[in-house]
Structure formats: structure tokens, C-alpha cells
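These notes are about the structure you will find just below.
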Amino acid sequence: MTLQLAKEYLKLQDWNRAFAAAEMANSLDPGDVVIRLLRIEAAVYVAVEQREAIDAGRLKALSG
């Protein structure tokens, strides 16, 4: 359910809510690669939106 919610928020370009939903989904199933990728995607959009540039340090932290 939270995975679908994250996908819908991504479609709506509501990056903060997409990230929050993906984080919740990831905590419920940390081994799911699709959820992890959605979380990373949403985090990239949030980072770019907040800074207007990519923060390499923050993006590197997301991959681990």
C-alpha cells in the first residue's frame, strides 16, 4: 500500500510526500529493491528542489 502511495506521489511530483511514503515502505520491507529505488528517486528530487543543485554527499549517503 505504501509503495503504491509513493508511486502516486511521484506521478503528482509531490517529492516530499513521495519520499516520506517510500521511507515508510522501506522500513516495512528493507530488502525490496523497487522501494529502495523509489526512495532514492524521491530523495534526488527533494535535494535538487531544495538546493537547485545536486548535493553529492547527500546522494552518496542515500546509496548506502
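Letters A, B, ... mark the chains of the C-alpha cells in the order given; residue numbers begin at 1 per chain; ligand numbers begin at 1, in order shown.
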List every residue of chain A that DSSP, applied to the backbone of this structure, assigns to alpha helix (DSSP H), and report them as a ChimeraX atom specification. /A:2-11,15-28,33-51,56-62
Show me, as JSON lines, the residues of region 18-52 of chain A having an atom within 12 Å of region 58-61 of chain A, each with the closest atom pair and its distance in Å, using only C-alpha atoms.
{"residue": "A:Arg39", "atom": "CA", "partner": "A:Leu59", "partner_atom": "CA", "distance": 11.4}
{"residue": "A:Ile40", "atom": "CA", "partner": "A:Leu59", "partner_atom": "CA", "distance": 8.1}
{"residue": "A:Glu41", "atom": "CA", "partner": "A:Leu59", "partner_atom": "CA", "distance": 10.0}
{"residue": "A:Ala42", "atom": "CA", "partner": "A:Leu59", "partner_atom": "CA", "distance": 11.1}
{"residue": "A:Ala43", "atom": "CA", "partner": "A:Leu59", "partner_atom": "CA", "distance": 8.0}
{"residue": "A:Val44", "atom": "CA", "partner": "A:Leu59", "partner_atom": "CA", "distance": 7.0}
{"residue": "A:Tyr45", "atom": "CA", "partner": "A:Leu59", "partner_atom": "CA", "distance": 10.6}
{"residue": "A:Val46", "atom": "CA", "partner": "A:Leu59", "partner_atom": "CA", "distance": 10.8}
{"residue": "A:Ala47", "atom": "CA", "partner": "A:Arg58", "partner_atom": "CA", "distance": 8.1}
{"residue": "A:Val48", "atom": "CA", "partner": "A:Leu59", "partner_atom": "CA", "distance": 10.4}
{"residue": "A:Arg51", "atom": "CA", "partner": "A:Arg58", "partner_atom": "CA", "distance": 11.5}
Top pick for closest residue to Ala22 (chain A), considering A:Leu3, A:Leu10, A:Val34, A:Ala56 and counting only C-alpha atoms: A:Leu3
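With only C-alpha atoms as the atoms that count, the residue of A:Thr2, A:Leu62, A:Gln50, A:Phe19 with the shortest distance to Leu38 (chain A) is A:Phe19.
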